[in-house]
Every structure is written in C-alpha cells, then in structure tokens.
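Peer 1: Please see the structure below; I have some questions.
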Amino acid sequence: MREVVLQALVLFIRVTVIVAGMAGSCFAQSSIAPSAKAERFEPFVKRTVLALYDSRDEKEPVDTNIHAYLEMPLNYLGYEVDYHDIQQGLPSVDEMRDKKAVVTWFHRSLVNWKDYLIWAEECIRGGTQFVVFSQVGGIDSQESKKLTNRFLAQLGLKNHFSFLFDTSDAGYEVIDRKIYAFEREPFRVLPNFDYFEAISPETRIHLSVHFADQTGLKQSALITTNANGAFVHSGYEFDYEASVNLMQWLLNPFELFETVLGRHAFPIPDTTTLYGNRIYFSHVDGDGWNNVSFMEKYKKDRVFSSKVMLEELIKPYPGLPVSIGLVTGDFDKAIGGTDDGLEIAREILAQPQVEVASHTHTHPFDWNFFENYDREKELALLKKKNEESSSAPTGVIGSVETILNRISPDVKTDNYILDGLKGALRAYLRFPFDLDTEIKGSLDFATQQAPKGKKAEILFWSGNTRPFEAAIRASRLAGVRNLNGGDSRYDLSNPSVIYVPALSRVIGDQRQIYAAASNEETFTNNWKGPFYGFAALEETLKNTEFPRRLKPFNVYYHSFSGERANAIKAIQTHLDLARDGPYFPLTASHYAAIADSFFEARIEKLGSMRWAIHDRDFLQTLRFDHADELGVDWLNSKGVIGQNRHAGSLYVALDASVAVPVLAIMKRDDANQVVASVPFLESSRWEVRNVNHSDCDTGECKLTFEANGFGRGEMLWKGLPKGCYRVVAHWSEGAFDQQISVGEDHLLSVTLPFASQRTVSVEIHSLLKPDRAMPAREKVAG
C-alpha cells in the first residue's frame with residue numbers, strides 16, 4: 001500500500017512540474033539561463049521584432065529607416081515591429097525573451113554605447129537574434145572596440161576598424177544573388193567600406209569584396225548571416241539616385257529576413273487575401289464634394305462632383321462596396337459650409353453597397369500642429385498666410401471655387417475658409433479646433449445622414465495623414481476603425497518595393513492603419529494633370545501581385561475626381577477590373593479590421609507542422625511561402641475550409657465561425673499521407689462560414705455552409721467526387737436551385753445570385769443519378 005502511495009505521489013509531482021513548465025512558458029517568469037532558454041519549448045510563436053532607434057536622429061518611429069524600408073517586409077513575413085527609443089534606456093534582458101529578434105539601423109555612435117553593447121551580447125546569448133544595418137553603435141576607443149567585437153563575434157564577424165576610402169582597386173569577391181542585386185545590379189564603383197572578417201565557418205557570406213593592404217590581399221564581409229542574426233554594411237543596402245530622387249534595393253530584405261528568421265516557421269497571418277481571392281476595397285475622401293464638374297454632360301447644369309461620382313462610379317457598380325468619407329464641415333453653415341450637397345450625401349449613403357465614413361469635420365492638414373493646439377498661434381498664422389497670398393488658387397486647393405465647397409460670401413470675407421492658401425492648417429477655421437467635434441462629432445453627423453440601421457464605421461485621416469496619439473485614440477473610443485496614409489505605389493515613377501509601406505504606423509499606444517494604395521492626387525501632380533494619371537494604378541496592382549502578393553487591390557480617390565472625364569474613366573477602368581476579376585470585395589472598415597487583427601493574432605505551436613490560431617478576430621487567411629510541396633492535412637485540421645495557391649505560396653482559408661481553428665500541414669508527396677475525399681473551398685467572392693460536410697468516401701457527399709457578400713456569389717469548390725450534384729440556397733427574399741456536374745477535375749463551380757449582402761444558407765449534395773424532375777439550370781425565386 002505504501003508503495004502505491006509513493007508511486008502516486010511521484011506521478012503527482014511529475015505532472016505538477018510539467019504543468020508548471022507549460023505555464024512558465026506562457027507567463028512572465030524570472031530570467032532564464034541561455035542554455036535553458038534555447039531548449040525550452042515555446043508554445044506560442046514569437047512574432048514580435050524589436051526595432052531600436054535613436055531619437056537624436058529619428059524623432060519618432062515613423063521617421064526611422066526601419067519603418068520606411070524594413071517594416072513592410074517584416075509584416076509580409078508575419079512579424080509585428082515594436083519600436084523602442086534607445087535614448088529611453090534599454091529593455092531588460094528578461095523582457096526580451098518574448099521577442100523574436102532585434103533590428104537596428106543606427107546612423108552614428110550611441111551615447112550609451114557601453115551598456116548597449118553589453119546588453120546586446122547578453123540578449124544574443126539568451127536566444128534573441130540581431131539584424132544589424134549600418135552602424136554597430138560603438139565609439140572610437142579601445143574599450144568600445146573590444147565590446148563591439150565581443151558582440152559581433154556572436155554574428156560570426158570581427159571588425160578590424162580599418163576603413164578603405166579608396167576603393168578603385170577593390171572588387172567583388174562573393175555576390176549571393178538570392179540576397180543581393182535584388183532590384184538593380186551592384187555598383188561598379190564600390191562605396192567605402194570597413195574591413196569585417198568572417199571568423200566562423202557558420203558565417204554565411206552573401207556579399208564580400210577583396211582589397212589589398214600592406215599585409216596582402218584581404219576579404220571584407222559586407223553582408224552576412226548566421227544562426228544569431230545578420231549584418232548589413234552601410235552603403236550596400238540600396239541605391240539612391242539624388243538627381244531623380246528615386247531609390248532601389250540592392251539587398252533583398254525578404255530573403256535576408258527569411259534566411260535569418262526561418263522559412264515555414266509558422267503560418268503567416270495574411271491581410272491581402274480572403275477565401276482564396278485577393279481582397280478588393282475602395283474608399284473616398286470627400287474633398288471637393290460641391291465642386292462643379294467640367295464634364296460635358298454635366299457642366300451646363302453645374303452638377304456637383306459628388307453627384308457625378310454617384311451616377312458614374314457608384315450606381316453602375318452595385319456589387320462593389322465603396323466607403324464614403326464625408327468632410328462634415330462642408331454641411332455646417334456655422335463654419336462656412338452649405339447644405340447644397342447634403343441631399344446628394346444622403347442619396348449616396350442610402351446605396352446598399354456604400355459604407356458610411358467620416359473624413360473629419362474641419363479637414364486638418366497638419367495634424368502635428370493640433371496636438372498642442374494654440375488658437376492664437378493659428379490665427380496669427382492665418383493672418384500671415386492671408387497677407388502673403390496674392391496668387392490665384394491652383395491645383396487641388398483651388399479647384400473651381402474651393403477644394404471643399406462654394407463659399408458663402410458672409411463667411412468668406414472673414415477669411416476663415418481655405419481658399420488657395422498654401423500651408424493652411426485646416427480647411428475650416430472659424431472656430432477653435434476641438435478633437436471631439438473633429439472625430440466623434442463628424443462620425444455622428446455622418447451617421448445621421450444615413451438610413452436607419454446604418455452608421456459610420458471608419459474614419460479616414462485628412463491632410464498629412466499623421467494624426468497624433470490622442471486623435472487615433474478618439475477614433476477608437478468612438479467605436480470605429482481608422483485608415484489612410486502610406487501612399488503605396490510601385491510603378492515606373494516609384495520603381496521599387498521600397499515605396500510599398502508597412503501595414504500601419506504606431507504612435508504611443510495607438511495604431512493607425514495605412515491605406516493599401518495611393519490616391520489619384522499623387523498620380524495627377526496634385527490634381528494639376530494629367531487627369532487620366534490614376535490609370536497607372538494598374539501597374540502598382542500588378543507589381544504588388546507578383547512575385548509576391550504584398551497588398552490588396554485598393555481604389556482610393558476623392559470626390560473632386562467627378563470634375564474630369566478622364567479621371568472618371570481611369571477609376572471606371574479599375575472598377576471594371578474588380579467587378580470582373582478574381583477578387584473578394586469588402587468594405588474599408590473590414591480591411592482595417594483585418595489589418596488590426598494581424599497584430600492581435602496569436603499562434604500556438606502544437607507540433608512540427610500543426611498550429612492553433614487564437615484571437616484572430618477578422619483575419620481568416622494564413623499563408624506559407626515557398627510552399628509548392630505543402631498542402632493542408634485535412635484530417636488533422638479543424639476549422640480550415642479552403643486552400644489556394646498563388647506565386648508559390650499556399651493560402652489557407654479559415655472558418656470564421658470557429659473560435660480557435662487548428663491548421664495542420666503536410667508534404668504533398670508524403671508517402672504516408674492518408675488521401676481522403678474532403679471538399680474544400682478554392683476561391684470565393686463571398687464569405688463562407690459554418691462549413692460542414694459528410695465523409696464523401698461513403699458514397700453520398702453533402703456540404704452545407706452559410707455565405708454572404710457583395711455582388712454575385714462566385715465560388716469554386718474542389719475535392720468533390722465525380723458525379724452529379726444539387727445546389728440549393730435560401731435567403732430572406734429568394735431561393736436558388738441548380739444541378740451541376742463534377743468531372744475528373746473534381747471542381748464544382750457555382751455562382752449564387754445577387755442577394756444584397758443577405759446571409760444565404762447553402763446545401764450541396766450528390767445525386768446518384770441526375771434528377772429528371774429538375775432541369776439542369778438555376779431556379780431563382782424572390
């Protein structure tokens with residue numbers, strides 16, 4: 001008996017230790033020795049990269065090279081970038097255990113170089129990788145050089161502190177074209193460089209140059225990686241052509257980060273794709289709402305640009321959602337607005353596919369000024385601008401009478417409305433700036449103009465699109481998403497992926513979501529022409545689709561586009577493409593919610609190729625790159641409803657009705673793979689959820705799900721056994737009944753009729769033989 005009790009006690013202790021160990025991996029504990037940390041099982045994937053910056057040179061995270069050039073590739077690979085100003089001290093080593101890596105891009109020696117170098121070495125020994133661009137951070141002293149090389153030794157390097165000014169006799173030794181010569185060929189004349197020696201056989205040299213000194217021929221390693229991180233020498237990251245103010249990568253940042261951080265490390269939360277299709281959304285800033293159109297068919301009757309937008313860009317495309325951001329000051333007579341365009345606003349917001357949004361109340365241009373607002377200073381600046389302004393309005397500012405509205409004479413004489421004043425701080429200045437009016441007030445007003453049951457869902461930032469922390473917080477507290485900024489372009493005028501921004505901008509504890517594309521202003525020289533310039537958006541669309549799908553398809557424009565026939569035609573070209581192509585249409589707030597969810601999702605590792613996805617909210621797509629040999633292991637997954645392939649990547653669709661889906665992946669040529677007849681979704685223009693299916697191996701195959709979306713519900717199901725199937729769908733106002741044959745390709749393509757975003761219940765089941773009582777065509781009622 002005593003023996004049994006002892007065995008039970010030992011078992012209890014073992015279980016307690018295991019449980020405690022598991023809990024310790026999830027919650028904050030005391031610092032762990034490096035060897036223990038390296039061996040410890042981490043249940044949740046580390047998706048945070050710490051970006052260190054020096055506010056002496058880069059005031060805010062948005063001003064850093066890391067945000068401008070590296071955050072987008074890191075986001076694309078699934079990582080969130082957390083910024084820390086090194087002038088505010090260093091995080092504890094214990095805090096660093098939840099960080100996957102540290103990225104630095106210093107421009108000079110650090111003030112606290114000694115503490116930093118000791119800390120950085122300790123972090124690497126504790127298991128945190130370092131990716132070092134440009135300066136390491138030390139100064140010109142013996143102690144600093146010693147500490148620098150102790151740190152660099154962890155990256156497999158030694159700095160000889162021998163700088164080569166004259167590179168005329170130097171040449172390339174190693175060029176790894178997977179990582180270098182990404183967007184342009186290497187420089188013919190080498191930039192100056194330091195002598196960095198690779199001191200470990202584990203150091204992978206991706207770029208090196210040879211040179212001669214007094215002791216003979218040497219090789220300097222300029223771009224290297226090892227298990228602990230990477231080093232990229234200053235001057236060899238990208239090329240900047242000052243004469244044309246354009247940049248191109250020399251380095252391939254995607255390949256560099258994949259090499260260091262690992263491939264197939266975890267399923268990447270993806271913000272570009274839903275249910276196998278590339279995301280499409282469109283949003284409009286309400287600038288120029290009451291501008292009079294120059295188009296031949298409208299100008300005689302002095303039709304407003306907003307009305308042209310309704311007739312040419314909204315009504316003809318009922319299947320494409322568009323989010324309309326009103327500048328609500330346009331309709332506020334107290335500050336100089338007019339109600340002339342209010343009925344147009346109400347008609348537009350009443351369209352079923354239109355989402356209600358705000359583009360602020362007084363349309364601030366310089367948000368930085370309003371963070372510490374001074375009314376007297378604003379009035380003094382206004383007076384100065386009025387005295388200096390003598391030329392006629394030009395460009396966007398002076399389009400027709402004004403960018404925003406036809407000015408009431410009694411208000412215009414007070415000079416409180418923007419009328420061609422360069423450098424003005426906001427469009428309506430009659431009353432002091434008030435953040436609550438600007439954000440919540442404008443959202444409430446927009447909601448009041450919409451039909452019952454519709455409300456404003458998102459706020460579009462105005463002007464320089466750099467809102468301060470409290471402004472973003474105000475939008476969040478108002479219960480809406482926020483969007484704008486980034487100005488993503490990738491075309492002949494911006495010939496590099498450098499011009500494709502990150503997902504968001506962080507300021508303080510708030511996050512601003514960037515638009516996925518730039519608007520027509522940047523394509524038309526600030527609305528000076530050519531007015532067809534926005535047609536060039538298609539080039540960015542293609543370049544962000546191949547070789548990587550970097551961004552959704554975003555058609556972003558202003559109400560003043562309704563002034564010009566060529567501008568309308570350019571936008572229609574994109575709308576036609578979205579209507580007829582393989583896209584998933586959604587609202588701007590839905591996209592912003594997906595982007596927000598990217599930063600909230602947590603990925604739990606359940607095995608070598610199996611993960612549980614927590615807290616993903618609106619994000620329903622996971623991605624694997626370089627995945628030609630990978631596929632979903634359907635038998636060991638839960639809440640996974642589809643897969644699709646694009647440009648070598650595997651896109652996996654999750655069921656929104658499953659709170660914590662489990663994704664298992666296997667090699668497609670796995671000899672031990674159990675092949676099952678599992679129907680799965682390859683692509684859909686509608687959301688698909690609550691998917692259930694029978695075991696199709698038993699003979700009868702049955703699939704049920706719910707769906708809803710914009711336009712017609714085009715979807716493609718795969719993995720169905722050959723045979724005849726009946727598709728039955730029901731929604732509040734109608735029904736659909738169709739018989740479809742599935743051939744040797746095991747594909748079932750069905751298009752559900754337009755259902756005005758109603759939820760549709762669908763059942764697909766196999767027929768042993770064709771149903772002779774039902775013709776092989778759709779039956780639609782309602």
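Each chain in the structure tokens gets a letter, A, B and so on, in the order shown; residues start at 1 in every chain, and ligands are counted from 1 in the order they appear.
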Name the residues of segment 518-627 of chain A that come out as alpha helix (DSSP H) in a backbone DSSP run; write them as a VMD selection string.
Peer 2: chain A and resid 520 to 523 537 to 543 565 to 580 588 to 600
Peer 1: Within 7 Å of Ser694 of chain A, counting only C-alpha atoms, which residues show up once you throw out same-chain ones fewer than 3 positions away? Write them as a ChimeraX atom specification, please.
Peer 2: /A:701-703
Peer 1: So that I have them on file, write out the residues from the current selection with all heavy atoms, as a PDB file, in the first residue's frame.
Peer 2:
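Wrote it out as again-v6.pdb, contents follow:
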ATOM      1  N   CYS A 701     -22.168  12.488 -50.772  1.00  0.00           N
ATOM      2  CA  CYS A 701     -21.377  13.647 -50.350  1.00  0.00           C
ATOM      3  C   CYS A 701     -22.325  14.813 -50.111  1.00  0.00           C
ATOM      4  O   CYS A 701     -23.117  15.178 -50.985  1.00  0.00           O
ATOM      5  CB  CYS A 701     -20.368  13.997 -51.439  1.00  0.00           C
ATOM      6  SG  CYS A 701     -19.091  15.134 -50.876  1.00  0.00           S
ATOM      7  N   LYS A 702     -22.241  15.395 -48.902  1.00  0.00           N
ATOM      8  CA  LYS A 702     -23.119  16.503 -48.555  1.00  0.00           C
ATOM      9  C   LYS A 702     -22.292  17.619 -47.928  1.00  0.00           C
ATOM     10  O   LYS A 702     -21.459  17.371 -47.059  1.00  0.00           O
ATOM     11  CB  LYS A 702     -24.199  16.047 -47.587  1.00  0.00           C
ATOM     12  CG  LYS A 702     -25.216  17.141 -47.240  1.00  0.00           C
ATOM     13  CD  LYS A 702     -26.291  16.591 -46.309  1.00  0.00           C
ATOM     14  CE  LYS A 702     -27.295  17.673 -45.928  1.00  0.00           C
ATOM     15  NZ  LYS A 702     -28.320  17.154 -44.988  1.00  0.00           N
ATOM     16  N   LEU A 703     -22.536  18.845 -48.382  1.00  0.00           N
ATOM     17  CA  LEU A 703     -21.790  20.009 -47.926  1.00  0.00           C
ATOM     18  C   LEU A 703     -22.784  21.119 -47.610  1.00  0.00           C
ATOM     19  O   LEU A 703     -23.627  21.449 -48.436  1.00  0.00           O
ATOM     20  CB  LEU A 703     -20.819  20.450 -49.031  1.00  0.00           C
ATOM     21  CG  LEU A 703     -20.006  21.722 -48.839  1.00  0.00           C
ATOM     22  CD1 LEU A 703     -18.996  21.560 -47.718  1.00  0.00           C
ATOM     23  CD2 LEU A 703     -19.277  22.067 -50.143  1.00  0.00           C
TER      24      LEU A 703
END
Peer 1: Any idea what's packed within 10 Å of Pro495 of chain A, counting only C-alpha atoms, ignoring anything in its chain fewer than 6 positions away? Could you give it as a VMD selection string?
Peer 2: chain A and resid 183 246 to 249 489 540 543
Peer 1: When you look at Pro61 of chain A with a cut-off of 10 Å (counting only C-alpha atoms), what residues show up, excluding the ones that are within fewer than 2 positions of it in the same chain? I need them as a compact mmCIF listing (two decimals) with N, CA, C and O atoms, in the first residue's frame.
Peer 2:
# COMPACT_ATOMS: atom_id res chain seq x y z
N ALA A 51 12.48 46.99 -32.77
CA ALA A 51 13.26 47.94 -33.57
C ALA A 51 13.82 49.01 -32.64
O ALA A 51 13.06 49.78 -32.05
N LEU A 52 15.13 49.06 -32.51
CA LEU A 52 15.77 50.09 -31.70
C LEU A 52 16.11 51.28 -32.59
O LEU A 52 16.65 51.11 -33.69
N TYR A 53 15.80 52.48 -32.12
CA TYR A 53 16.15 53.68 -32.88
C TYR A 53 16.66 54.74 -31.92
O TYR A 53 16.45 54.67 -30.70
N ASP A 54 17.34 55.73 -32.47
CA ASP A 54 17.94 56.80 -31.69
C ASP A 54 17.21 58.09 -32.02
O ASP A 54 17.31 58.61 -33.14
N SER A 55 16.44 58.63 -31.05
CA SER A 55 15.62 59.80 -31.32
C SER A 55 16.44 61.07 -31.55
O SER A 55 15.89 62.10 -31.94
N GLU A 58 16.22 60.25 -35.41
CA GLU A 58 14.90 59.90 -35.92
C GLU A 58 13.91 60.12 -34.79
O GLU A 58 13.85 59.33 -33.84
N LYS A 59 13.14 61.20 -34.88
CA LYS A 59 12.33 61.65 -33.75
C LYS A 59 11.30 60.62 -33.32
O LYS A 59 11.12 60.37 -32.13
N ASP A 63 9.63 58.04 -38.53
CA ASP A 63 10.74 58.71 -39.19
C ASP A 63 11.94 57.79 -39.42
O ASP A 63 12.92 58.20 -40.03
N THR A 64 11.88 56.57 -38.94
CA THR A 64 13.05 55.69 -38.98
C THR A 64 13.20 54.97 -40.32
O THR A 64 12.22 54.74 -41.03
N ASN A 65 14.42 54.60 -40.63
CA ASN A 65 14.68 53.76 -41.79
C ASN A 65 13.99 52.40 -41.65
O ASN A 65 13.58 51.79 -42.64
N ILE A 66 13.89 51.95 -40.42
CA ILE A 66 13.27 50.64 -40.20
C ILE A 66 11.81 50.68 -40.62
O ILE A 66 11.31 49.77 -41.30
N HIS A 67 11.10 51.74 -40.23
CA HIS A 67 9.69 51.86 -40.64
C HIS A 67 9.59 52.05 -42.16
O HIS A 67 8.73 51.44 -42.81
N ALA A 68 10.45 52.87 -42.72
CA ALA A 68 10.37 53.19 -44.15
C ALA A 68 10.72 52.00 -45.03
O ALA A 68 10.11 51.80 -46.09
N ASP A 82 7.93 46.31 -33.00
CA ASP A 82 7.73 47.10 -31.78
C ASP A 82 8.92 48.06 -31.64
O ASP A 82 10.07 47.60 -31.58
N TYR A 83 8.66 49.36 -31.59
CA TYR A 83 9.74 50.36 -31.60
C TYR A 83 10.13 50.77 -30.19
O TYR A 83 9.28 50.90 -29.30
N HIS A 84 11.43 51.01 -30.01
CA HIS A 84 11.94 51.47 -28.71
C HIS A 84 13.06 52.48 -28.94
O HIS A 84 14.03 52.18 -29.64
N ASP A 85 12.91 53.65 -28.33
CA ASP A 85 13.92 54.70 -28.43
C ASP A 85 15.05 54.39 -27.47
O ASP A 85 14.85 54.33 -26.25
N ARG A 505 1.11 52.45 -38.82
CA ARG A 505 2.01 53.36 -38.12
C ARG A 505 1.60 53.36 -36.65
O ARG A 505 0.42 53.52 -36.33
N VAL A 506 2.58 53.20 -35.78
CA VAL A 506 2.31 53.21 -34.34
C VAL A 506 2.81 54.52 -33.76
O VAL A 506 3.91 54.98 -34.07
N ILE A 507 1.98 55.15 -32.93
CA ILE A 507 2.41 56.32 -32.18
C ILE A 507 1.87 56.16 -30.76
O ILE A 507 0.66 56.03 -30.56
N GLY A 508 2.78 56.14 -29.79
CA GLY A 508 2.38 55.86 -28.42
C GLY A 508 1.77 54.49 -28.33
O GLY A 508 2.34 53.50 -28.82
Peer 1: Report the closest atom pair, with its distance in Å rounded to one decimal, for each residue of segment 453-556 of chain A that has an atom no farther than 12 Å from segment 337-358 of chain A; count only C-alpha atoms, sort by chain and then rising residue number, and write it as CSV.
Peer 2:
residue,atom,partner,partner_atom,distance
A:Gly453,CA,A:Ala350,CA,10.6
A:Lys454,CA,A:Val356,CA,7.3
A:Lys455,CA,A:Val356,CA,6.1
A:Ala456,CA,A:Val356,CA,4.4
A:Glu457,CA,A:Ala357,CA,5.9
A:Ile458,CA,A:Ala357,CA,5.1
A:Leu459,CA,A:Ser358,CA,4.8
A:Phe460,CA,A:Ser358,CA,6.1
A:Trp461,CA,A:Ser358,CA,8.6
A:Ser462,CA,A:Ser358,CA,9.8
A:Ser475,CA,A:Ser358,CA,10.3
A:Ala478,CA,A:Ser358,CA,11.7
A:Val480,CA,A:Ala357,CA,9.1
A:Arg481,CA,A:Ala357,CA,9.7
A:Asn482,CA,A:Ala357,CA,9.6
A:Leu483,CA,A:Ala357,CA,10.4
A:Asn484,CA,A:Ser358,CA,11.8
Peer 1: Only C-alpha atoms, please: the residues just picked out, written as an mmCIF file, in the first residue's frame.
Peer 2:
data_model
loop_
_atom_site.group_PDB
_atom_site.id
_atom_site.type_symbol
_atom_site.label_atom_id
_atom_site.label_comp_id
_atom_site.auth_asym_id
_atom_site.auth_seq_id
_atom_site.Cartn_x
_atom_site.Cartn_y
_atom_site.Cartn_z
ATOM 1 C CA GLY A 453 -29.677 50.883 -39.316
ATOM 2 C CA LYS A 454 -26.541 52.247 -40.986
ATOM 3 C CA LYS A 455 -23.812 54.017 -39.069
ATOM 4 C CA ALA A 456 -20.338 55.370 -39.660
ATOM 5 C CA GLU A 457 -17.849 52.513 -39.374
ATOM 6 C CA ILE A 458 -14.498 54.147 -40.139
ATOM 7 C CA LEU A 459 -12.631 57.449 -40.108
ATOM 8 C CA PHE A 460 -10.301 58.482 -42.945
ATOM 9 C CA TRP A 461 -7.397 60.707 -41.870
ATOM 10 C CA SER A 462 -7.062 64.000 -43.723
ATOM 11 C CA SER A 475 -11.429 57.303 -33.222
ATOM 12 C CA ALA A 478 -15.804 56.302 -30.908
ATOM 13 C CA VAL A 480 -14.720 52.844 -35.435
ATOM 14 C CA ARG A 481 -11.694 51.740 -37.413
ATOM 15 C CA ASN A 482 -9.260 54.228 -38.949
ATOM 16 C CA LEU A 483 -7.435 54.379 -42.274
ATOM 17 C CA ASN A 484 -5.194 56.441 -44.597
#
